[in-house]
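Notes to accompany the following structure.
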Amino acid sequence: METRQIQYFMEVAKREHVTEAADAMHVAQSSVSRQIFNLEDELGVALFIREGRRVKLTPIGRIFFERMKQVTNLMEQAKREVKEYLNPEKGTVRIAFPISMAAHTLPSIIYAFRTRYPEAKFEMSNALYDDLIDGVIKGEFNLAMIAPMPHKDKEKKIMGTTLFSENIVALLPFHHPLANKTSIMLQDLNHDSFVVLPEGFIFREQVVDACKQAGFTPQIAFEGKDIDALKGLVSAGLGVALMPEMTLVDNTPRSTVVVPLTDARLMRTVGVIYPTQRKLLPTEELFYDFLLETYKRLNEFRK
């Protein structure tokens, strides 16, 4: 197999169209078709099902595609590692995070890191909880901020460190009967309509589980695609929401009130995970150590 064959194969697989792949790589369609044919001939299997001008991966083609994604990630990582070895302060950190950390947690820590290392770069993406773990395992990124922290020994392929724990609080419309309380029990909201994240978000599961432990099943009135959407729904008086406290720092919407919950179990752990089967790149090691240093100092300050 040649590197060019793999590049052509990956592009065609992602686009499911030979002509579009050729245009994207600025090469002739015939060249792409020939390299794909040579690759299939060498492997002895059909990687694509041809459907007119479009193509789709065969079952074995999809397996080959997933393996080649890992190989490509490792090749890119190797090139970056060589480059960053000479000057890690100018390298790139590839990190993923849940949507709940997009507004405050991650931007704040990146800003602080760039104050120390102004030429460092970041490639960031957000993902659902299980996708964050799988992405680290498969090499799509090397670091992921995550909440709650998963079991470190999942398939023995990830490790991580808890950075801090944060309270879960209630966000209520300004006119809510409990809005003037200094604190409430979650059970006090058992007759309210809730606004929550969509199915598949781990924080939605945490909210529903917390309500059930408090003795009721939440009445879900609306779903919002992210934390900011939930804030807007509460601000419009369409329901109440549970929120990680950090998402409301300097960003509590008008017409809402944050009320602490006295249920001690309503907390979540926030941390960072990394792969056990790959080394972090030099710049990523710098960022990881910076995370540990920063949150250790913040946790000591809070005490």
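Identifiers in this document derive from the order of the structure tokens: chains are assigned A, B, ..., residues are numbered from 1 separately in each chain, and ligands are numbered from 1 in order of occurrence.
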Tyr295 in chain A surroundings by only C-alpha atoms, 10 Å radius, close-in-sequence under 2 positions cut, as an mmCIF file with C-alpha atoms, in the first residue's frame:
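Below is the file that was written, out_9.cif:
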data_model
loop_
_atom_site.group_PDB
_atom_site.id
_atom_site.type_symbol
_atom_site.label_atom_id
_atom_site.label_comp_id
_atom_site.auth_asym_id
_atom_site.auth_seq_id
_atom_site.Cartn_x
_atom_site.Cartn_y
_atom_site.Cartn_z
ATOM 1 C CA ILE A 109 -8.145 27.801 31.057
ATOM 2 C CA THR A 162 -10.197 14.828 38.495
ATOM 3 C CA LEU A 163 -9.588 18.560 38.408
ATOM 4 C CA PHE A 164 -12.459 19.788 40.564
ATOM 5 C CA GLY A 271 -11.541 16.215 34.871
ATOM 6 C CA PHE A 290 -0.788 23.359 33.422
ATOM 7 C CA LEU A 291 -4.290 22.013 34.089
ATOM 8 C CA LEU A 292 -3.098 20.083 37.146
ATOM 9 C CA GLU A 293 -1.131 23.052 38.473
ATOM 10 C CA ARG A 297 -4.015 26.041 43.200
ATOM 11 C CA LEU A 298 -7.726 26.927 42.761
ATOM 12 C CA ASN A 299 -8.859 24.017 44.949
ATOM 13 C CA GLU A 300 -6.436 25.059 47.695
ATOM 14 C CA PHE A 301 -7.752 28.629 47.442
#
Name the residues of range 132-282 of chain A that fall into strand (DSSP E or B) according to DSSP on the backbone, using the chain letters and numbers of this document, as a ChimeraX atom specification.
/A:143-146,158-173,184,193-196,219-223,240-244,256-261,267-275
Please produce an output containing C-alpha atoms for each residue in the selection, written as a PDB file, in the first residue's frame.
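Contents of the output file result.pdb:
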ATOM      1  CA  LEU A 143      -6.993  15.054  25.611  1.00  0.00           C
ATOM      2  CA  ALA A 144     -10.601  15.499  26.614  1.00  0.00           C
ATOM      3  CA  MET A 145     -12.179  17.557  29.365  1.00  0.00           C
ATOM      4  CA  ILE A 146     -15.072  15.524  30.693  1.00  0.00           C
ATOM      5  CA  ILE A 158      -7.746   5.716  29.242  1.00  0.00           C
ATOM      6  CA  MET A 159      -6.455   7.422  32.346  1.00  0.00           C
ATOM      7  CA  GLY A 160      -7.251  10.772  33.812  1.00  0.00           C
ATOM      8  CA  THR A 161      -7.296  13.168  36.711  1.00  0.00           C
ATOM      9  CA  THR A 162     -10.197  14.828  38.495  1.00  0.00           C
ATOM     10  CA  LEU A 163      -9.588  18.560  38.408  1.00  0.00           C
ATOM     11  CA  PHE A 164     -12.459  19.788  40.564  1.00  0.00           C
ATOM     12  CA  SER A 165     -16.007  19.112  41.697  1.00  0.00           C
ATOM     13  CA  GLU A 166     -18.837  21.562  41.183  1.00  0.00           C
ATOM     14  CA  ASN A 167     -22.321  21.966  42.562  1.00  0.00           C
ATOM     15  CA  ILE A 168     -25.465  21.455  40.545  1.00  0.00           C
ATOM     16  CA  VAL A 169     -27.831  24.382  41.087  1.00  0.00           C
ATOM     17  CA  ALA A 170     -31.374  25.266  40.092  1.00  0.00           C
ATOM     18  CA  LEU A 171     -32.057  27.978  37.534  1.00  0.00           C
ATOM     19  CA  LEU A 172     -35.553  29.391  38.028  1.00  0.00           C
ATOM     20  CA  PRO A 173     -37.604  32.077  36.259  1.00  0.00           C
ATOM     21  CA  ILE A 184     -34.169  24.648  48.201  1.00  0.00           C
ATOM     22  CA  SER A 193     -41.880  21.631  34.265  1.00  0.00           C
ATOM     23  CA  PHE A 194     -38.223  21.001  33.443  1.00  0.00           C
ATOM     24  CA  VAL A 195     -36.165  22.024  30.435  1.00  0.00           C
ATOM     25  CA  VAL A 196     -33.338  19.588  29.686  1.00  0.00           C
ATOM     26  CA  GLN A 219     -41.995  16.588  33.858  1.00  0.00           C
ATOM     27  CA  ILE A 220     -39.988  17.477  30.760  1.00  0.00           C
ATOM     28  CA  ALA A 221     -41.601  20.363  28.894  1.00  0.00           C
ATOM     29  CA  PHE A 222     -38.849  21.370  26.470  1.00  0.00           C
ATOM     30  CA  GLU A 223     -35.450  20.221  25.249  1.00  0.00           C
ATOM     31  CA  VAL A 240     -36.901  25.242  35.459  1.00  0.00           C
ATOM     32  CA  ALA A 241     -33.499  23.679  34.876  1.00  0.00           C
ATOM     33  CA  LEU A 242     -30.653  22.135  36.783  1.00  0.00           C
ATOM     34  CA  MET A 243     -27.265  23.534  35.799  1.00  0.00           C
ATOM     35  CA  PRO A 244     -23.593  22.926  36.570  1.00  0.00           C
ATOM     36  CA  THR A 256     -33.699  34.159  36.018  1.00  0.00           C
ATOM     37  CA  VAL A 257     -32.467  33.358  39.513  1.00  0.00           C
ATOM     38  CA  VAL A 258     -29.826  30.832  40.598  1.00  0.00           C
ATOM     39  CA  VAL A 259     -30.840  28.945  43.739  1.00  0.00           C
ATOM     40  CA  PRO A 260     -28.485  26.452  45.473  1.00  0.00           C
ATOM     41  CA  LEU A 261     -29.740  22.940  46.136  1.00  0.00           C
ATOM     42  CA  MET A 267     -22.415  17.558  42.388  1.00  0.00           C
ATOM     43  CA  ARG A 268     -20.375  16.493  39.390  1.00  0.00           C
ATOM     44  CA  THR A 269     -16.692  15.769  38.983  1.00  0.00           C
ATOM     45  CA  VAL A 270     -14.826  17.511  36.176  1.00  0.00           C
ATOM     46  CA  GLY A 271     -11.541  16.215  34.871  1.00  0.00           C
ATOM     47  CA  VAL A 272      -9.280  15.468  31.950  1.00  0.00           C
ATOM     48  CA  ILE A 273      -8.609  12.104  30.307  1.00  0.00           C
ATOM     49  CA  TYR A 274      -5.828  10.899  28.041  1.00  0.00           C
ATOM     50  CA  PRO A 275      -4.863   7.615  26.298  1.00  0.00           C
TER      51      PRO A 275
END
As a ChimeraX atom specification, please: the residues near range 113-126 of chain A (cut-off 7 Å, only C-alpha atoms, same-chain neighbours under 2 positions excluded).
/A:89-99,109-111
Excluding range 59-63 of chain A and any residue of its chain fewer than 3 positions from it, enumerate the residues within 8 Å of it, using only C-alpha atoms, and give them as a compact mmCIF listing (two decimals) with all heavy atoms, in the first residue's frame.
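After the write, selection19.txt holds the following:
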# COMPACT_ATOMS: atom_id res chain seq x y z
N VAL A 45 -10.06 -7.40 -2.09
CA VAL A 45 -11.46 -7.21 -1.69
C VAL A 45 -11.98 -5.92 -2.30
O VAL A 45 -11.21 -5.02 -2.64
CB VAL A 45 -11.62 -7.15 -0.15
CG1 VAL A 45 -11.24 -8.46 0.50
CG2 VAL A 45 -10.80 -6.01 0.43
N ALA A 46 -13.30 -5.83 -2.44
CA ALA A 46 -13.94 -4.59 -2.88
C ALA A 46 -14.17 -3.71 -1.66
O ALA A 46 -14.81 -4.14 -0.69
CB ALA A 46 -15.25 -4.88 -3.58
N LEU A 47 -13.66 -2.51 -1.70
CA LEU A 47 -13.83 -1.58 -0.58
C LEU A 47 -15.07 -0.71 -0.74
O LEU A 47 -15.58 -0.17 0.24
CB LEU A 47 -12.59 -0.68 -0.46
CG LEU A 47 -11.28 -1.41 -0.16
CD1 LEU A 47 -10.10 -0.44 -0.24
CD2 LEU A 47 -11.32 -2.07 1.21
N PHE A 48 -15.55 -0.57 -1.99
CA PHE A 48 -16.69 0.30 -2.26
C PHE A 48 -17.76 -0.43 -3.07
O PHE A 48 -17.46 -1.33 -3.87
CB PHE A 48 -16.25 1.54 -3.05
CG PHE A 48 -15.38 2.48 -2.29
CD1 PHE A 48 -14.01 2.49 -2.49
CD2 PHE A 48 -15.92 3.36 -1.35
CE1 PHE A 48 -13.19 3.37 -1.79
CE2 PHE A 48 -15.11 4.23 -0.65
CZ PHE A 48 -13.75 4.24 -0.86
N GLU A 66 -11.96 2.53 9.28
CA GLU A 66 -11.75 2.83 10.69
C GLU A 66 -10.29 2.58 11.08
O GLU A 66 -9.69 3.36 11.84
CB GLU A 66 -12.68 1.98 11.57
CG GLU A 66 -14.15 2.34 11.44
CD GLU A 66 -14.43 3.77 11.86
OE1 GLU A 66 -13.78 4.26 12.82
OE2 GLU A 66 -15.29 4.43 11.23
N ARG A 67 -9.71 1.50 10.55
CA ARG A 67 -8.30 1.22 10.87
C ARG A 67 -7.39 2.28 10.27
O ARG A 67 -6.41 2.70 10.88
CB ARG A 67 -7.91 -0.17 10.36
CG ARG A 67 -8.64 -1.32 11.03
CD ARG A 67 -8.28 -1.43 12.49
NE ARG A 67 -8.99 -2.53 13.11
CZ ARG A 67 -10.14 -2.42 13.74
NH1 ARG A 67 -10.73 -1.22 13.82
NH2 ARG A 67 -10.72 -3.46 14.30
From a backbone DSSP assignment, name each residue in range 112-225 of chain A labelled helix (DSSP H, G or I), as a PyMOL selection string.
chain A and resi 112-116+129-138+154-156+186-189+202-213
State, in Å with one decimal place, the distance from CA of Lys138 in chain A to CA of Thr247 in chain A.
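CA of Thr247 in chain A lies at a distance of 28.9 Å from CA of Lys138 in chain A.
When only C-alpha atoms are used to compute distances to Leu230 in chain A, the closest of the residues A:Ser100, A:Asp130, A:Ser183, A:Phe174 turns out to be A:Ser100.
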Excluding Lys69 in chain A and any residue of its chain fewer than 2 positions from it, enumerate the residues within 9 Å of it, using only C-alpha atoms, and give them as a PyMOL selection string.
chain A and resi 10+64-67+71-74+138-140
What's the separation between CA of Lys225 in chain A and CA of Leu197 in chain A, in Å to one decimal place?
5.9 Å
Do you know which residues are at most 9 Å from range 25-39 of chain A counting only C-alpha atoms, after dropping those on the same chain fewer than 5 positions away, and could you put them as a list of chain:residue names?
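My list of contacting residues is A:Met1, A:Glu2, A:Arg4, A:Gln5, A:Ile6, A:Tyr8, A:Phe9, A:Glu11, A:Val12, A:Val18, A:Thr19, A:Glu20, A:Gly44, A:Val45, A:Ala46, A:Leu47.
When only C-alpha atoms are used to measure the gap to Gln213 in chain A, the shortest distance among A:Lys296, A:Arg265, A:Arg53, A:Arg278 belongs to A:Arg265.
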Set the distance at 8 Å and use only C-alpha atoms: which residues neighbour Leu233 in chain A once local chain neighbours fewer than 4 positions away are removed? I'd like the list as an mmCIF file with all heavy atoms, in the first residue's frame.
data_model
loop_
_atom_site.group_PDB
_atom_site.id
_atom_site.type_symbol
_atom_site.label_atom_id
_atom_site.label_comp_id
_atom_site.auth_asym_id
_atom_site.auth_seq_id
_atom_site.Cartn_x
_atom_site.Cartn_y
_atom_site.Cartn_z
ATOM 1 N N VAL A 195 -36.777 21.948 31.761
ATOM 2 C CA VAL A 195 -36.165 22.024 30.435
ATOM 3 C C VAL A 195 -34.813 21.315 30.554
ATOM 4 O O VAL A 195 -34.068 21.537 31.514
ATOM 5 C CB VAL A 195 -36.006 23.475 29.953
ATOM 6 C CG1 VAL A 195 -37.372 24.107 29.781
ATOM 7 C CG2 VAL A 195 -35.154 24.313 30.894
ATOM 8 N N PHE A 222 -39.602 20.984 27.665
ATOM 9 C CA PHE A 222 -38.849 21.370 26.470
ATOM 10 C C PHE A 222 -37.443 20.807 26.544
ATOM 11 O O PHE A 222 -36.905 20.569 27.628
ATOM 12 C CB PHE A 222 -38.763 22.904 26.340
ATOM 13 C CG PHE A 222 -40.083 23.578 26.113
ATOM 14 C CD1 PHE A 222 -40.804 24.094 27.184
ATOM 15 C CD2 PHE A 222 -40.599 23.703 24.829
ATOM 16 C CE1 PHE A 222 -42.017 24.713 26.985
ATOM 17 C CE2 PHE A 222 -41.817 24.325 24.621
ATOM 18 C CZ PHE A 222 -42.531 24.825 25.693
ATOM 19 N N GLY A 224 -33.505 21.652 25.033
ATOM 20 C CA GLY A 224 -32.650 22.653 24.391
ATOM 21 C C GLY A 224 -31.374 21.988 23.917
ATOM 22 O O GLY A 224 -30.855 21.086 24.574
ATOM 23 N N ALA A 229 -29.263 27.352 25.330
ATOM 24 C CA ALA A 229 -30.674 27.200 24.953
ATOM 25 C C ALA A 229 -31.534 26.967 26.194
ATOM 26 O O ALA A 229 -32.643 27.509 26.303
ATOM 27 C CB ALA A 229 -30.835 26.057 23.968
ATOM 28 N N GLY A 237 -39.579 31.746 30.935
ATOM 29 C CA GLY A 237 -40.593 31.252 31.853
ATOM 30 C C GLY A 237 -41.207 29.928 31.455
ATOM 31 O O GLY A 237 -42.308 29.579 31.899
ATOM 32 N N LEU A 238 -40.496 29.145 30.628
ATOM 33 C CA LEU A 238 -41.055 27.887 30.108
ATOM 34 C C LEU A 238 -40.714 26.671 30.954
ATOM 35 O O LEU A 238 -41.096 25.558 30.610
ATOM 36 C CB LEU A 238 -40.568 27.673 28.667
ATOM 37 C CG LEU A 238 -41.014 28.747 27.676
ATOM 38 C CD1 LEU A 238 -40.393 28.509 26.306
ATOM 39 C CD2 LEU A 238 -42.539 28.767 27.575
ATOM 40 N N GLY A 239 -39.983 26.876 32.048
ATOM 41 C CA GLY A 239 -39.657 25.760 32.920
ATOM 42 C C GLY A 239 -38.478 26.093 33.806
ATOM 43 O O GLY A 239 -37.941 27.212 33.775
#
